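A.B. asks: Input structure: run26.cif, which contains mmCIF, N, CA and C atoms.
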data_run
#
loop_
_atom_site.label_atom_id
_atom_site.label_comp_id
_atom_site.auth_asym_id
_atom_site.auth_seq_id
_atom_site.Cartn_x
_atom_site.Cartn_y
_atom_site.Cartn_z
N MET V 1 15.54 -4.56 2.23
CA MET V 1 15.42 -3.92 0.94
C MET V 1 14.17 -4.41 0.20
N LEU V 2 13.74 -5.63 0.47
CA LEU V 2 12.52 -6.11 -0.17
C LEU V 2 11.30 -5.31 0.27
N ALA V 3 11.27 -4.93 1.54
CA ALA V 3 10.15 -4.13 2.04
C ALA V 3 10.16 -2.75 1.40
N ALA V 4 11.34 -2.16 1.23
CA ALA V 4 11.42 -0.85 0.57
C ALA V 4 10.95 -0.96 -0.88
N LEU V 5 11.26 -2.05 -1.54
CA LEU V 5 10.79 -2.27 -2.90
C LEU V 5 9.27 -2.38 -2.94
N MET V 6 8.68 -3.02 -1.95
CA MET V 6 7.22 -3.13 -1.90
C MET V 6 6.57 -1.78 -1.69
N TYR V 7 7.21 -0.89 -0.91
CA TYR V 7 6.65 0.45 -0.70
C TYR V 7 6.67 1.27 -1.99
N ILE V 8 7.57 0.96 -2.88
CA ILE V 8 7.61 1.63 -4.18
C ILE V 8 6.54 1.03 -5.10
N ILE V 9 6.32 -0.27 -4.99
CA ILE V 9 5.36 -0.94 -5.87
C ILE V 9 3.91 -0.66 -5.49
N VAL V 10 3.63 -0.42 -4.20
CA VAL V 10 2.25 -0.24 -3.74
C VAL V 10 1.50 0.86 -4.49
N PRO V 11 2.07 2.08 -4.68
CA PRO V 11 1.28 3.12 -5.36
C PRO V 11 1.27 3.03 -6.89
N MET V 12 2.02 2.14 -7.47
CA MET V 12 2.11 2.09 -8.93
C MET V 12 0.78 1.80 -9.63
N PRO V 13 -0.03 0.83 -9.18
CA PRO V 13 -1.33 0.63 -9.85
C PRO V 13 -2.22 1.86 -9.77
N CYS V 14 -2.13 2.57 -8.65
CA CYS V 14 -2.91 3.79 -8.49
C CYS V 14 -2.46 4.86 -9.49
N LEU V 15 -1.17 4.94 -9.71
CA LEU V 15 -0.65 5.93 -10.65
C LEU V 15 -0.97 5.55 -12.10
N PHE V 16 -0.85 4.27 -12.44
CA PHE V 16 -1.04 3.85 -13.82
C PHE V 16 -2.50 3.73 -14.23
N PHE V 17 -3.34 3.19 -13.33
CA PHE V 17 -4.72 2.89 -13.70
C PHE V 17 -5.74 3.82 -13.07
N GLY V 18 -5.34 4.57 -12.04
CA GLY V 18 -6.30 5.38 -11.32
C GLY V 18 -6.12 6.87 -11.51
N ASP V 19 -5.41 7.30 -12.52
CA ASP V 19 -5.18 8.72 -12.81
C ASP V 19 -4.50 9.44 -11.65
N GLY V 20 -3.72 8.76 -10.85
CA GLY V 20 -2.97 9.38 -9.77
C GLY V 20 -3.77 9.73 -8.54
N SER V 21 -5.04 9.36 -8.50
CA SER V 21 -5.85 9.64 -7.31
C SER V 21 -6.23 8.32 -6.64
N THR V 22 -6.73 8.45 -5.43
CA THR V 22 -7.14 7.25 -4.69
C THR V 22 -8.64 7.05 -4.72
N ARG V 23 -9.35 7.82 -5.52
CA ARG V 23 -10.81 7.72 -5.56
C ARG V 23 -11.29 6.36 -6.07
N PHE V 24 -10.55 5.75 -6.97
CA PHE V 24 -11.00 4.48 -7.54
C PHE V 24 -10.96 3.35 -6.53
N LEU V 25 -10.18 3.49 -5.46
CA LEU V 25 -10.10 2.43 -4.46
C LEU V 25 -11.39 2.31 -3.66
N SER V 26 -12.08 3.42 -3.45
CA SER V 26 -13.29 3.37 -2.65
C SER V 26 -14.56 3.27 -3.49
N SER V 27 -14.44 3.30 -4.81
CA SER V 27 -15.63 3.20 -5.65
C SER V 27 -15.81 1.78 -6.14
N GLY V 28 -17.04 1.43 -6.42
CA GLY V 28 -17.34 0.11 -6.95
C GLY V 28 -17.38 0.09 -8.47
N GLU V 29 -17.15 1.24 -9.07
CA GLU V 29 -17.22 1.35 -10.52
C GLU V 29 -15.88 0.99 -11.14
N GLY V 30 -15.89 0.90 -12.45
CA GLY V 30 -14.66 0.66 -13.18
C GLY V 30 -14.69 -0.65 -13.91
N GLY V 31 -13.84 -0.72 -14.89
CA GLY V 31 -13.77 -1.92 -15.71
C GLY V 31 -12.71 -2.87 -15.20
N ALA V 32 -12.22 -3.66 -16.13
CA ALA V 32 -11.24 -4.68 -15.78
C ALA V 32 -9.92 -4.07 -15.31
N TRP V 33 -9.52 -2.92 -15.89
CA TRP V 33 -8.26 -2.30 -15.48
C TRP V 33 -8.34 -1.78 -14.05
N MET V 34 -9.49 -1.23 -13.68
CA MET V 34 -9.66 -0.75 -12.31
C MET V 34 -9.65 -1.91 -11.32
N LYS V 35 -10.27 -3.02 -11.70
CA LYS V 35 -10.26 -4.19 -10.82
C LYS V 35 -8.85 -4.76 -10.71
N ALA V 36 -8.11 -4.74 -11.81
CA ALA V 36 -6.72 -5.20 -11.77
C ALA V 36 -5.88 -4.29 -10.88
N ALA V 37 -6.13 -2.98 -10.94
CA ALA V 37 -5.38 -2.05 -10.10
C ALA V 37 -5.68 -2.28 -8.63
N LYS V 38 -6.94 -2.54 -8.30
CA LYS V 38 -7.31 -2.84 -6.91
C LYS V 38 -6.64 -4.13 -6.44
N PHE V 39 -6.63 -5.14 -7.31
CA PHE V 39 -6.00 -6.40 -6.95
C PHE V 39 -4.51 -6.22 -6.74
N LEU V 40 -3.84 -5.51 -7.64
CA LEU V 40 -2.39 -5.31 -7.52
C LEU V 40 -2.04 -4.47 -6.29
N THR V 41 -2.86 -3.49 -5.98
CA THR V 41 -2.62 -2.69 -4.78
C THR V 41 -2.75 -3.55 -3.54
N GLY V 42 -3.80 -4.37 -3.48
CA GLY V 42 -3.98 -5.26 -2.34
C GLY V 42 -2.87 -6.30 -2.24
N MET V 43 -2.46 -6.84 -3.38
CA MET V 43 -1.41 -7.84 -3.38
C MET V 43 -0.09 -7.25 -2.88
N SER V 44 0.26 -6.06 -3.36
CA SER V 44 1.52 -5.47 -2.93
C SER V 44 1.46 -5.02 -1.48
N ALA V 45 0.28 -4.59 -1.01
CA ALA V 45 0.15 -4.23 0.40
C ALA V 45 0.29 -5.47 1.29
N MET V 46 -0.29 -6.58 0.90
CA MET V 46 -0.14 -7.81 1.67
C MET V 46 1.30 -8.33 1.61
N GLY V 47 1.95 -8.12 0.48
CA GLY V 47 3.36 -8.49 0.37
C GLY V 47 4.23 -7.70 1.32
N SER V 48 3.86 -6.44 1.55
CA SER V 48 4.60 -5.61 2.49
C SER V 48 4.52 -6.14 3.91
N LEU V 49 3.43 -6.80 4.23
CA LEU V 49 3.30 -7.42 5.55
C LEU V 49 3.86 -8.84 5.57
N ALA V 50 3.71 -9.55 4.48
CA ALA V 50 4.11 -10.96 4.47
C ALA V 50 5.62 -11.16 4.39
N ILE V 51 6.31 -10.28 3.68
CA ILE V 51 7.76 -10.47 3.52
C ILE V 51 8.49 -10.47 4.86
N PRO V 52 8.27 -9.47 5.75
CA PRO V 52 8.96 -9.54 7.04
C PRO V 52 8.54 -10.75 7.88
N ALA V 53 7.26 -11.14 7.82
CA ALA V 53 6.82 -12.30 8.59
C ALA V 53 7.48 -13.58 8.09
N ILE V 54 7.60 -13.71 6.78
CA ILE V 54 8.25 -14.90 6.21
C ILE V 54 9.74 -14.93 6.56
N LEU V 55 10.38 -13.76 6.46
CA LEU V 55 11.81 -13.70 6.80
C LEU V 55 12.03 -14.01 8.28
N ARG V 56 11.12 -13.57 9.15
CA ARG V 56 11.25 -13.88 10.58
C ARG V 56 11.02 -15.37 10.82
N HIS V 57 10.04 -15.94 10.13
CA HIS V 57 9.77 -17.37 10.28
C HIS V 57 10.97 -18.21 9.83
N ALA V 58 11.65 -17.75 8.81
CA ALA V 58 12.82 -18.48 8.31
C ALA V 58 14.06 -18.22 9.15
N GLY V 59 13.97 -17.28 10.10
CA GLY V 59 15.11 -17.01 10.97
C GLY V 59 16.14 -16.08 10.36
N LEU V 60 15.77 -15.39 9.29
CA LEU V 60 16.71 -14.50 8.63
C LEU V 60 16.76 -13.11 9.25
N ILE V 61 15.69 -12.71 9.94
CA ILE V 61 15.68 -11.44 10.65
C ILE V 61 15.17 -11.68 12.07
N GLU V 62 15.46 -10.76 12.96
CA GLU V 62 15.01 -10.86 14.35
C GLU V 62 13.60 -10.31 14.49
N THR V 63 13.00 -10.59 15.62
CA THR V 63 11.63 -10.15 15.88
C THR V 63 11.52 -8.63 15.91
N GLY V 64 12.52 -7.95 16.46
CA GLY V 64 12.51 -6.49 16.50
C GLY V 64 12.49 -5.88 15.10
N ALA V 65 13.26 -6.47 14.19
CA ALA V 65 13.27 -5.97 12.81
C ALA V 65 11.91 -6.16 12.15
N MET V 66 11.26 -7.27 12.46
CA MET V 66 9.93 -7.51 11.90
C MET V 66 8.94 -6.46 12.41
N PHE V 67 9.00 -6.14 13.70
CA PHE V 67 8.09 -5.14 14.25
C PHE V 67 8.40 -3.74 13.74
N ILE V 68 9.66 -3.46 13.46
CA ILE V 68 10.01 -2.17 12.84
C ILE V 68 9.39 -2.08 11.45
N GLU V 69 9.42 -3.17 10.71
CA GLU V 69 8.80 -3.18 9.38
C GLU V 69 7.29 -3.00 9.48
N PHE V 70 6.66 -3.65 10.45
CA PHE V 70 5.22 -3.49 10.64
C PHE V 70 4.87 -2.05 11.04
N THR V 71 5.71 -1.43 11.86
CA THR V 71 5.48 -0.04 12.25
C THR V 71 5.61 0.88 11.06
N SER V 72 6.60 0.65 10.22
CA SER V 72 6.76 1.50 9.03
C SER V 72 5.59 1.31 8.07
N PHE V 73 5.06 0.10 7.98
CA PHE V 73 3.88 -0.13 7.14
C PHE V 73 2.67 0.60 7.71
N PHE V 74 2.51 0.59 9.03
CA PHE V 74 1.40 1.30 9.66
C PHE V 74 1.50 2.81 9.40
N ILE V 75 2.70 3.35 9.46
CA ILE V 75 2.90 4.77 9.17
C ILE V 75 2.57 5.06 7.71
N LEU V 76 2.96 4.16 6.80
CA LEU V 76 2.65 4.34 5.38
C LEU V 76 1.14 4.30 5.16
N VAL V 77 0.44 3.39 5.80
CA VAL V 77 -1.02 3.29 5.65
C VAL V 77 -1.69 4.55 6.18
N CYS V 78 -1.24 5.05 7.33
CA CYS V 78 -1.81 6.29 7.87
C CYS V 78 -1.58 7.46 6.93
N THR V 79 -0.41 7.52 6.30
CA THR V 79 -0.12 8.58 5.35
C THR V 79 -1.03 8.49 4.14
N VAL V 80 -1.23 7.29 3.63
CA VAL V 80 -2.11 7.11 2.46
C VAL V 80 -3.55 7.48 2.81
N LEU V 81 -4.01 7.09 4.00
CA LEU V 81 -5.37 7.43 4.41
C LEU V 81 -5.55 8.94 4.56
N CYS V 82 -4.55 9.61 5.11
CA CYS V 82 -4.62 11.08 5.22
C CYS V 82 -4.62 11.72 3.84
N PHE V 83 -3.81 11.19 2.92
CA PHE V 83 -3.80 11.72 1.55
C PHE V 83 -5.14 11.49 0.87
N HIS V 84 -5.71 10.31 1.07
CA HIS V 84 -7.01 9.99 0.48
C HIS V 84 -8.08 10.92 1.02
N ARG V 85 -8.07 11.15 2.31
CA ARG V 85 -9.05 12.05 2.92
C ARG V 85 -8.88 13.48 2.40
N ALA V 86 -7.64 13.91 2.24
CA ALA V 86 -7.38 15.28 1.76
C ALA V 86 -7.79 15.44 0.31
N THR V 87 -7.64 14.42 -0.50
CA THR V 87 -8.01 14.54 -1.92
C THR V 87 -9.51 14.45 -2.12
N LEU V 88 -10.24 13.86 -1.17
CA LEU V 88 -11.69 13.82 -1.29
C LEU V 88 -12.32 15.19 -1.03
N ASP V 89 -11.67 15.99 -0.21
CA ASP V 89 -12.19 17.33 0.07
C ASP V 89 -11.85 18.24 -1.10
N GLU V 90 -12.82 18.90 -1.64
CA GLU V 90 -12.61 19.78 -2.79
C GLU V 90 -11.91 21.08 -2.42
N GLU V 91 -11.97 21.46 -1.15
CA GLU V 91 -11.38 22.72 -0.74
C GLU V 91 -9.88 22.67 -0.65
N TRP V 92 -9.28 21.50 -0.62
CA TRP V 92 -7.83 21.40 -0.51
C TRP V 92 -7.24 21.81 -1.80
#
Represent the supplied structure as structure tokens.
C.D. replies:
Amino acid sequence: MLAALMYIIVPMPCLFFGDGSTRFLSSGEGGAWMKAAKFLTGMSAMGSLAIPAILRHAGLIETGAMFIEFTSFFILVCTVLCFHRATLDEEW
């Protein structure tokens, strides 16, 4: 459930500080709020990877469960990249 919570938290900085688009992630412009949004997005993305690894290290989950979490994160990243690519094209 912690990983599912992280998947909800990951897009929140983009929604609150980036006007709902992913353009601010690839630009070097922006003020302190944009930098905070980039930091929070990176932090929550790393948390999505770190939580299963920490739980596996502590022996609370099995290795298969950790790899399932990593696979779901990879699918989420591919989805975000496809969305980012689609929003950059003006014809969509």
A.B. asks: Excluding region 45-49 of chain V and any residue of its chain fewer than 5 positions from it, enumerate the residues within 12 Å of it, using only C-alpha atoms, and give them as an MDAnalysis selection string.
C.D. replies: chainID V and resid 1:13 38:40 54:56 66:74 76:77 80
A.B. asks: Mind pulling up the distance from atom C of Ile51 (chain V) to CA of Trp33 (chain V)?
C.D. replies: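 It comes out at 27.6 Å.
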A.B. asks: Would you work out the distance separating atom C of Gly31 (chain V) from atom N of Leu15 (chain V), expressed in Å to one decimal?
C.D. replies: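 Those two atoms sit 15.0 Å apart.
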A.B. asks: How many Å separate CA of Cys14 (chain V) from atom N of Ala37 (chain V)?
C.D. replies: 7.9 Å
A.B. asks: Write region 55-78 of chain V as a short mmCIF file (atom, residue, chain, number, x, y, z; two decimals), in the frame of the given file, completed to N, CA, C and O atoms.
C.D. replies:
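Here's the written file selection_28.cif:
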data_model
loop_
_atom_site.label_atom_id
_atom_site.label_comp_id
_atom_site.auth_asym_id
_atom_site.auth_seq_id
_atom_site.Cartn_x
_atom_site.Cartn_y
_atom_site.Cartn_z
N LEU V 55 10.38 -13.76 6.46
CA LEU V 55 11.81 -13.70 6.80
C LEU V 55 12.03 -14.01 8.28
O LEU V 55 13.02 -14.66 8.64
N ARG V 56 11.12 -13.57 9.15
CA ARG V 56 11.25 -13.88 10.58
C ARG V 56 11.02 -15.37 10.82
O ARG V 56 11.72 -15.99 11.61
N HIS V 57 10.04 -15.94 10.13
CA HIS V 57 9.77 -17.37 10.28
C HIS V 57 10.97 -18.21 9.83
O HIS V 57 11.25 -19.26 10.43
N ALA V 58 11.65 -17.75 8.81
CA ALA V 58 12.82 -18.48 8.31
C ALA V 58 14.06 -18.22 9.15
O ALA V 58 15.10 -18.85 8.94
N GLY V 59 13.97 -17.28 10.10
CA GLY V 59 15.11 -17.01 10.97
C GLY V 59 16.14 -16.08 10.36
O GLY V 59 17.25 -15.99 10.86
N LEU V 60 15.77 -15.39 9.29
CA LEU V 60 16.71 -14.50 8.63
C LEU V 60 16.76 -13.11 9.25
O LEU V 60 17.74 -12.39 9.08
N ILE V 61 15.69 -12.71 9.94
CA ILE V 61 15.68 -11.44 10.65
C ILE V 61 15.17 -11.68 12.07
O ILE V 61 14.54 -12.70 12.35
N GLU V 62 15.46 -10.76 12.96
CA GLU V 62 15.01 -10.86 14.35
C GLU V 62 13.60 -10.31 14.49
O GLU V 62 13.08 -9.64 13.60
N THR V 63 13.00 -10.59 15.62
CA THR V 63 11.63 -10.15 15.88
C THR V 63 11.52 -8.63 15.91
O THR V 63 10.55 -8.06 15.40
N GLY V 64 12.52 -7.95 16.46
CA GLY V 64 12.51 -6.49 16.50
C GLY V 64 12.49 -5.88 15.10
O GLY V 64 11.79 -4.90 14.85
N ALA V 65 13.26 -6.47 14.19
CA ALA V 65 13.27 -5.97 12.81
C ALA V 65 11.91 -6.16 12.15
O ALA V 65 11.45 -5.31 11.38
N MET V 66 11.26 -7.27 12.46
CA MET V 66 9.93 -7.51 11.90
C MET V 66 8.94 -6.46 12.41
O MET V 66 8.15 -5.91 11.63
N PHE V 67 9.00 -6.14 13.70
CA PHE V 67 8.09 -5.14 14.25
C PHE V 67 8.40 -3.74 13.74
O PHE V 67 7.50 -2.93 13.58
N ILE V 68 9.66 -3.46 13.46
CA ILE V 68 10.01 -2.17 12.84
C ILE V 68 9.39 -2.08 11.45
O ILE V 68 8.87 -1.04 11.05
N GLU V 69 9.42 -3.17 10.71
CA GLU V 69 8.80 -3.18 9.38
C GLU V 69 7.29 -3.00 9.48
O GLU V 69 6.69 -2.27 8.69
N PHE V 70 6.66 -3.65 10.45
CA PHE V 70 5.22 -3.49 10.64
C PHE V 70 4.87 -2.05 11.04
O PHE V 70 3.87 -1.50 10.59
N THR V 71 5.71 -1.43 11.86
CA THR V 71 5.48 -0.04 12.25
C THR V 71 5.61 0.88 11.06
O THR V 71 4.80 1.80 10.88
N SER V 72 6.60 0.65 10.22
CA SER V 72 6.76 1.50 9.03
C SER V 72 5.59 1.31 8.07
O SER V 72 5.15 2.27 7.43
N PHE V 73 5.06 0.10 7.98
CA PHE V 73 3.88 -0.13 7.14
C PHE V 73 2.67 0.60 7.71
O PHE V 73 1.89 1.19 6.95
N PHE V 74 2.51 0.59 9.03
CA PHE V 74 1.40 1.30 9.66
C PHE V 74 1.50 2.81 9.40
O PHE V 74 0.50 3.46 9.11
N ILE V 75 2.70 3.35 9.46
CA ILE V 75 2.90 4.77 9.17
C ILE V 75 2.57 5.06 7.71
O ILE V 75 1.94 6.07 7.38
N LEU V 76 2.96 4.16 6.80
CA LEU V 76 2.65 4.34 5.38
C LEU V 76 1.14 4.30 5.16
O LEU V 76 0.60 5.13 4.42
N VAL V 77 0.44 3.39 5.80
CA VAL V 77 -1.02 3.29 5.65
C VAL V 77 -1.69 4.55 6.18
O VAL V 77 -2.61 5.09 5.55
N CYS V 78 -1.24 5.05 7.33
CA CYS V 78 -1.81 6.29 7.87
C CYS V 78 -1.58 7.46 6.93
O CYS V 78 -2.46 8.30 6.75
#
